[in-house]
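A quick write-up on the structure given underneath.
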Amino acid sequence: MMLFVKNLFFAFKIYFFSTIILIMVMEFVVLMRRFINLNKRD
Amino acid sequence: MTQFLQFFPGIESFVAMGLGPSLVRIALIFLGFALVYLGYKNILEPLLMIPMGMGVSMVNAGILLMPSLEPGAGSELGTMFLNPLVKTAPEHIDALQIYFLQPIYALSFSNGLIACLVFLGIGAITDLEFFISNPRLSILLAIPAELGSILTFPIAKAMGFNTGEAAAIAIIGGADGPMVLFASLQLAKSLFVPITIVAYIYLSIVYAGYPFLIKALVPRRLRGLPMRDVKMNNVSPGEKLAFSVVVGTLLCLLFPVAAPLFVCFFLGTAIRESGVSRYVKVSDDVILSGATLFLGFTLGCLLSANIVMDTKMLKLIILGFTALFLSGVGGLLGGLVAYKVSGGRINPLLGIAGVSCVPTTAKVAHKCAQEVDPTVFILHYAMGPCIAGVITTAVITACYVTFVRLLPA
C-alpha cells in the first residue's frame with residue numbers, strides 16, 4: 001500500500017511539473033498574440 | 001511424411017514448435033484476418049490495421065527452421081521477415097543480408113525514427129489555429145484528459161512492472177501512438193512490441209468506444225450545447241510559424257530527451273505554415289503515409305506467438321484499457337467543470353477532445369453533439385483541446401523519460 005502511494009505521488013509529481021510547463025506555454029501563446037496584435041495596431 | 005514436411009517448411013514448423021505455440025500461431029493468423037476485415041469495414045483504423053493485420057497473419061504463417069545467426073548453434077525457428085533479437089555488430093550485418101524488413105527495423109525502430117516521421121506528418125496536417133485562438137481553454141481541457149497517463153503508472157507498478165515499463169504503459173493514456181512507441185523504445189525496450197500493438201489497437205477503437213463513455217457521463221441536454229458565445233479569432237500564418245519555432249525550441253531546451261519528437265512535430269507545423277507546398281505534400285503524402293504503412297506492417301510482423309503467450313500481455317490489455325478509460329473520464333470531468341465555470345457557454349464534450357488522438361476524439365465530440373442537435377457544429381472548437389492534447393502528452397512523455405532516468409537503478 002505504501003509503495004502504491006509512493007508511486008502515485010511520483011506520478012502526480014510528473015503531472016504537477018507538466019502542468020506548470022503547459023501553463024507556461026499557454027501564457028506564452030497569450031503574450032505572443034498580444035505582442036503581435038500590438039505591433040499590428042502601431 | 002518427413003519428405004512432405006521438408007517440402008513445406010511452414011507446416012514442418014508447426015510440428016517443431018509443439019501444440020501450445022502452434023495453436024497460438026493459428027489464432028494469430030486468424031487475428032490478422034480479423035484486423036484486415038475490421039480495417040476494411042472502417043470499424044478499426046484502416047491505415048494501420050490493414051498493414052498490421054497482413055503482417056500478423058503472414059509472419060505467423062511463414063515460420064520455418066533456419067540456421068541460427070550464432071555460429072555452431074544449429075537451427076532455430078524464425079522467419080525471413082526480420083529478427084529483433086540481434087545484438088552484436090556481426091549479427092546485424094548478417095541479419096541485414098537475410099531478413100527483408102531488417103533494414104527498416106534496424107534503422108527506424110531501434111532509434112524511434114519511425115515515431116518521429118509519423119509525428120512530422122501529423123505536424124504537417126495539424127492546423128494550430130484552433131489552439132492558438134483559445135490557448136487557455138485548449139490547455140486547461142487537455143490537462144485533466146491526461147488522468148490515465150498518471151493513474152495507470154502506480155497501477156502498473158502494483159501489477160509487477162518496473163518503473164520504465166509502467167511509465168511506457170501509462171503513456172497509452174495520452175492516446176498518441178507515436179508517443180507510446182517513442183516512450184516504450186526509451187523506457188521499456190523489451191516490451192515495446194506488445195505495448196505499442198495494444199496501444200494502436202485500443203486507439204483504433206476509440207472512435208467506437210468513447211461515445212458510450214460520453215453518453216454515460218454527460219447528460220443529453222448538455223451534449224447539444226451550440227457554443228455560439230465562444231469567439232474564434234483569426235490567427236495569421238506568421239503567428240502560427242512564430243509559435244512553432246519558439247515553443248518547439250523552448251520545449252527542446254527543457255526536455256532534450258524528447259527533442260526528436262518536438263523537433264519533428266513543430267517542423268511539420270512550421271512547414272505547413274511557411275507555405276512551401278511541396279514540403280507539405282511530401283510530409284503528408286510520402287512521409288506520413290509511408291511511415292504509417294511500415295509502422296503497422298513491421299509491428300504486425302513482430303507479433304509472434306511467444307509475445308502473445310507472455311503473461312504480461314494480459315496485464316497490458318487490462319492496463320491499456322484502464323489508461324484510455326481514465327483519460328476519457330478525466331477529459332469529460334474537465335469538460336463538465338469548464339461548462340460550470342464558463343456559466344454554460346462551453347460544451348462539455350470538448351473535454352473528450354483533450355485526450356488527443358488527433359483528430360479522432362474531436363470527431364467523436366462533434367458526432368455526439370450532432371446526434372443531439374444536427375445544427376450544432378463544434379468540430380473547430382474541439383480541435384483546440386485535441387492539438388493541446390498532443391502537446392500535453394509530449395510534455396508528460398518527456399517528463400516521464402527524464403524523471404525515470406534520474407531515479408536510482
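Residues are named by chain letter and number: chains run A, B, ... in the order of the C-alpha cells, numbers start at 1 in each chain, and ligands are numbered from 1 in the order shown.
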
For a quick test of understanding: name the residues of chain A lying within 8 Å of chain B when counting only C-alpha atoms, and present them as a list in words.
Phe4, Val5, Asn7, Leu8, Ala11, Phe12, Ile14, Tyr15, Phe17, Ser18, Thr19, Ile21, Leu22, Ile23, Val25, Met26, Glu27, Val29, Val30, Arg33 and Ile36 of chain A

Can you list every residue in range 88-317 of chain B that DSSP puts in alpha helix (DSSP H), as JSON, numbers by chain?
{"B": [89, 90, 91, 92, 93, 94, 95, 96, 97, 98, 102, 103, 104, 113, 114, 115, 116, 117, 118, 119, 120, 121, 122, 123, 124, 129, 130, 131, 132, 133, 135, 136, 137, 138, 139, 140, 141, 142, 147, 148, 149, 150, 151, 152, 153, 154, 155, 156, 157, 158, 163, 164, 165, 166, 167, 168, 169, 170, 177, 178, 179, 180, 181, 182, 183, 184, 185, 186, 187, 192, 193, 194, 195, 196, 197, 198, 199, 200, 201, 202, 203, 204, 206, 207, 208, 209, 210, 211, 212, 213, 214, 215, 216, 217, 220, 221, 222, 223, 237, 238, 239, 240, 241, 242, 243, 244, 245, 246, 247, 248, 249, 250, 251, 252, 253, 254, 259, 260, 261, 262, 263, 264, 265, 266, 267, 268, 269, 270, 271, 272, 273, 274, 277, 278, 279, 280, 281, 289, 290, 291, 292, 293, 294, 295, 296, 297, 298, 299, 300, 301, 302, 305, 306, 307, 308, 312, 313, 314, 315, 316, 317]}

Atoms kept (C-alpha atoms) for selection, written as a compact mmCIF listing (two decimals), in the first residue's frame:
# COMPACT_ATOMS: atom_id res chain seq x y z
CA ALA B 89 27.56 -5.85 -34.91
CA PRO B 90 28.44 -9.02 -36.93
CA GLU B 91 24.93 -10.38 -36.27
CA HIS B 92 23.48 -7.08 -37.53
CA ILE B 93 25.50 -7.34 -40.75
CA ASP B 94 24.31 -10.93 -41.30
CA ALA B 95 20.71 -10.05 -40.42
CA LEU B 96 20.64 -7.14 -42.90
CA GLN B 97 21.50 -9.58 -45.66
CA ILE B 98 18.93 -12.23 -44.67
CA GLN B 102 15.68 -5.79 -41.09
CA PRO B 103 16.94 -2.51 -42.65
CA ILE B 104 13.65 -0.76 -41.72
CA LEU B 113 12.86 7.41 -36.17
CA ILE B 114 9.56 5.90 -37.36
CA ALA B 115 7.64 7.60 -34.50
CA CYS B 116 9.33 10.90 -35.36
CA LEU B 117 8.43 10.57 -39.06
CA VAL B 118 4.78 9.93 -38.15
CA PHE B 119 4.92 12.99 -35.90
CA LEU B 120 6.41 15.12 -38.70
CA GLY B 121 3.49 14.11 -40.91
CA ILE B 122 0.95 14.78 -38.14
CA GLY B 123 2.52 18.22 -37.64
CA ALA B 124 2.19 18.95 -41.36
CA GLU B 129 -5.41 28.00 -35.48
CA PHE B 130 -7.90 26.41 -33.06
CA PHE B 131 -5.25 26.01 -30.39
CA ILE B 132 -3.64 29.47 -30.71
CA SER B 133 -7.05 31.13 -30.88
CA PRO B 135 -4.85 28.58 -25.78
CA ARG B 136 -6.16 28.76 -22.20
CA LEU B 137 -9.33 26.81 -22.92
CA SER B 138 -7.43 24.25 -25.01
CA ILE B 139 -4.67 23.55 -22.49
CA LEU B 140 -6.96 23.61 -19.45
CA LEU B 141 -9.17 21.00 -21.13
CA ALA B 142 -6.20 18.86 -22.20
CA LEU B 147 -5.61 11.37 -15.96
CA GLY B 148 -4.99 7.93 -17.44
CA SER B 149 -1.30 8.73 -18.08
CA ILE B 150 -0.91 9.49 -14.39
CA LEU B 151 -3.11 6.98 -12.54
CA THR B 152 -2.08 4.00 -14.69
CA PHE B 153 1.54 4.37 -13.56
CA PRO B 154 1.03 3.24 -9.91
CA ILE B 155 -1.46 0.57 -11.04
CA ALA B 156 1.09 -0.85 -13.50
CA LYS B 157 3.77 -0.79 -10.79
CA ALA B 158 1.41 -2.63 -8.43
CA THR B 163 9.36 1.83 -13.37
CA GLY B 164 10.29 2.27 -17.04
CA GLU B 165 7.71 -0.27 -18.23
CA ALA B 166 4.99 1.25 -16.02
CA ALA B 167 5.74 4.73 -17.41
CA ALA B 168 5.65 3.48 -21.02
CA ILE B 169 2.32 1.72 -20.37
CA ALA B 170 0.89 4.83 -18.68
CA GLY B 177 0.54 6.13 -30.96
CA PRO B 178 3.92 7.63 -31.94
CA MET B 179 4.39 8.86 -28.37
CA VAL B 180 3.73 5.38 -26.94
CA LEU B 181 6.21 3.90 -29.42
CA PHE B 182 8.82 6.52 -28.53
CA ALA B 183 8.31 6.13 -24.76
CA SER B 184 8.44 2.34 -24.87
CA LEU B 185 11.61 2.40 -27.00
CA GLN B 186 13.19 4.79 -24.50
CA LEU B 187 11.95 3.19 -21.27
CA PHE B 192 7.87 -2.13 -26.93
CA VAL B 193 6.15 -4.50 -29.34
CA PRO B 194 3.25 -5.60 -27.07
CA ILE B 195 2.82 -2.11 -25.57
CA THR B 196 2.68 -0.44 -28.98
CA ILE B 197 0.39 -3.05 -30.50
CA VAL B 198 -2.03 -2.86 -27.55
CA ALA B 199 -1.94 0.95 -27.78
CA TYR B 200 -2.64 1.05 -31.52
CA ILE B 201 -5.48 -1.48 -31.31
CA TYR B 202 -7.12 0.47 -28.49
CA LEU B 203 -6.58 3.79 -30.28
CA SER B 204 -8.33 2.30 -33.31
CA VAL B 206 -11.56 4.96 -29.54
CA TYR B 207 -13.95 6.20 -32.23
CA ALA B 208 -16.41 3.42 -31.44
CA GLY B 209 -15.84 3.24 -27.66
CA TYR B 210 -15.78 6.83 -26.38
CA PRO B 211 -19.37 7.67 -27.42
CA PHE B 212 -20.58 5.14 -24.80
CA LEU B 213 -18.49 6.86 -22.13
CA ILE B 214 -19.84 10.26 -23.22
CA LYS B 215 -23.44 9.04 -23.02
CA ALA B 216 -22.78 7.60 -19.56
CA LEU B 217 -21.22 10.76 -18.10
CA ARG B 220 -28.16 14.68 -23.21
CA ARG B 221 -29.18 18.35 -22.83
CA LEU B 222 -25.53 19.40 -22.33
CA ARG B 223 -24.23 17.38 -25.29
CA PRO B 237 0.27 32.05 -40.63
CA GLY B 238 3.06 34.24 -39.21
CA GLU B 239 1.70 33.77 -35.68
CA LYS B 240 1.49 30.01 -36.16
CA LEU B 241 5.03 29.90 -37.56
CA ALA B 242 6.36 32.01 -34.66
CA PHE B 243 4.59 29.71 -32.20
CA SER B 244 6.08 26.58 -33.84
CA VAL B 245 9.62 27.95 -33.82
CA VAL B 246 9.66 29.44 -30.32
CA VAL B 247 7.60 26.82 -28.44
CA GLY B 248 9.44 23.97 -30.22
CA THR B 249 12.81 25.45 -29.27
CA LEU B 250 11.66 26.09 -25.68
CA LEU B 251 10.44 22.50 -25.23
CA CYS B 252 13.68 21.12 -26.71
CA LEU B 253 15.60 23.26 -24.22
CA LEU B 254 13.51 21.95 -21.30
CA ALA B 259 13.71 16.69 -28.51
CA PRO B 260 13.35 14.37 -31.57
CA LEU B 261 9.56 14.29 -31.08
CA PHE B 262 9.24 18.04 -30.50
CA VAL B 263 11.53 18.84 -33.45
CA CYS B 264 9.55 16.64 -35.82
CA PHE B 265 6.10 17.85 -34.73
CA PHE B 266 6.98 21.54 -34.84
CA LEU B 267 8.98 21.09 -38.06
CA GLY B 268 5.76 19.72 -39.55
CA THR B 269 3.66 22.66 -38.31
CA ALA B 270 6.33 25.14 -39.46
CA ILE B 271 6.41 23.55 -42.94
CA ARG B 272 2.63 23.85 -43.14
CA GLU B 273 2.60 27.50 -42.11
CA SER B 274 5.60 28.56 -44.16
CA SER B 277 3.51 23.47 -50.66
CA ARG B 278 5.99 20.92 -51.99
CA TYR B 279 7.21 20.15 -48.45
CA VAL B 280 3.64 19.92 -47.15
CA LYS B 281 2.79 17.47 -49.93
CA SER B 289 1.69 7.60 -45.36
CA GLY B 290 4.95 5.68 -45.80
CA ALA B 291 5.85 5.75 -42.10
CA THR B 292 2.32 4.65 -41.07
CA LEU B 293 2.38 1.80 -43.60
CA PHE B 294 5.74 0.47 -42.43
CA LEU B 295 4.91 1.10 -38.76
CA GLY B 296 1.74 -1.01 -39.00
CA PHE B 297 3.32 -3.73 -41.13
CA THR B 298 6.51 -4.06 -39.06
CA LEU B 299 4.58 -4.07 -35.78
CA GLY B 300 2.35 -6.82 -37.18
CA CYS B 301 5.43 -8.79 -38.22
CA LEU B 302 6.82 -8.51 -34.68
CA ALA B 305 3.33 -16.48 -30.62
CA ASN B 306 5.95 -16.11 -27.87
CA ILE B 307 4.98 -12.43 -27.34
CA VAL B 308 1.28 -13.28 -27.03
CA LYS B 312 2.50 -9.73 -19.28
CA MET B 313 0.29 -9.47 -22.39
CA LEU B 314 -2.97 -9.93 -20.47
CA LYS B 315 -1.89 -7.31 -17.93
CA LEU B 316 -1.06 -4.94 -20.80
CA ILE B 317 -4.51 -5.42 -22.31

Shortest contact to Asn162 in chain B, candidates B:Leu407, B:Met49, B:Thr2, B:Met54, atoms counted only C-alpha atoms, goes to B:Leu407

Need the shell around Ile29 in chain B: protein/DNA/RNA residues with any atom at most 9 Å away, counting only C-alpha atoms. Skip same-chain ones fewer than 6 positions apart. Format as a list in words?
Gly53, Met54, Val56, Ser57, Met58, Val59, Asn60 and Ala61 of chain B

Can I get the selection written as a PDB file, in the first residue's frame, with N, CA and C atoms?
ATOM      1  N   GLY B  53      -2.572  -6.185 -39.788  1.00  0.00           N
ATOM      2  CA  GLY B  53      -3.218  -7.494 -39.906  1.00  0.00           C
ATOM      3  C   GLY B  53      -2.492  -8.376 -40.908  1.00  0.00           C
ATOM      4  N   MET B  54      -2.079  -7.781 -42.035  1.00  0.00           N
ATOM      5  CA  MET B  54      -1.323  -8.548 -43.037  1.00  0.00           C
ATOM      6  C   MET B  54      -0.029  -9.070 -42.428  1.00  0.00           C
ATOM      7  N   VAL B  56       0.664  -9.607 -39.201  1.00  0.00           N
ATOM      8  CA  VAL B  56       0.422 -10.619 -38.159  1.00  0.00           C
ATOM      9  C   VAL B  56       0.139 -11.980 -38.792  1.00  0.00           C
ATOM     10  N   SER B  57      -0.762 -12.005 -39.777  1.00  0.00           N
ATOM     11  CA  SER B  57      -1.129 -13.316 -40.328  1.00  0.00           C
ATOM     12  C   SER B  57       0.023 -13.910 -41.130  1.00  0.00           C
ATOM     13  N   MET B  58       0.720 -13.095 -41.896  1.00  0.00           N
ATOM     14  CA  MET B  58       1.738 -13.665 -42.783  1.00  0.00           C
ATOM     15  C   MET B  58       3.013 -14.050 -42.051  1.00  0.00           C
ATOM     16  N   VAL B  59       3.395 -13.263 -41.044  1.00  0.00           N
ATOM     17  CA  VAL B  59       4.626 -13.615 -40.323  1.00  0.00           C
ATOM     18  C   VAL B  59       4.403 -14.894 -39.518  1.00  0.00           C
ATOM     19  N   ASN B  60       3.195 -15.106 -39.016  1.00  0.00           N
ATOM     20  CA  ASN B  60       2.939 -16.319 -38.245  1.00  0.00           C
ATOM     21  C   ASN B  60       2.734 -17.537 -39.138  1.00  0.00           C
ATOM     22  N   ALA B  61       2.402 -17.296 -40.407  1.00  0.00           N
ATOM     23  CA  ALA B  61       2.315 -18.411 -41.348  1.00  0.00           C
ATOM     24  C   ALA B  61       3.707 -18.791 -41.849  1.00  0.00           C
TER      25      ALA B  61
END

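Reported to one decimal place, the separation of CA of Leu326 in chain B from CA of Leu349 in chain B is 15.4 Å.
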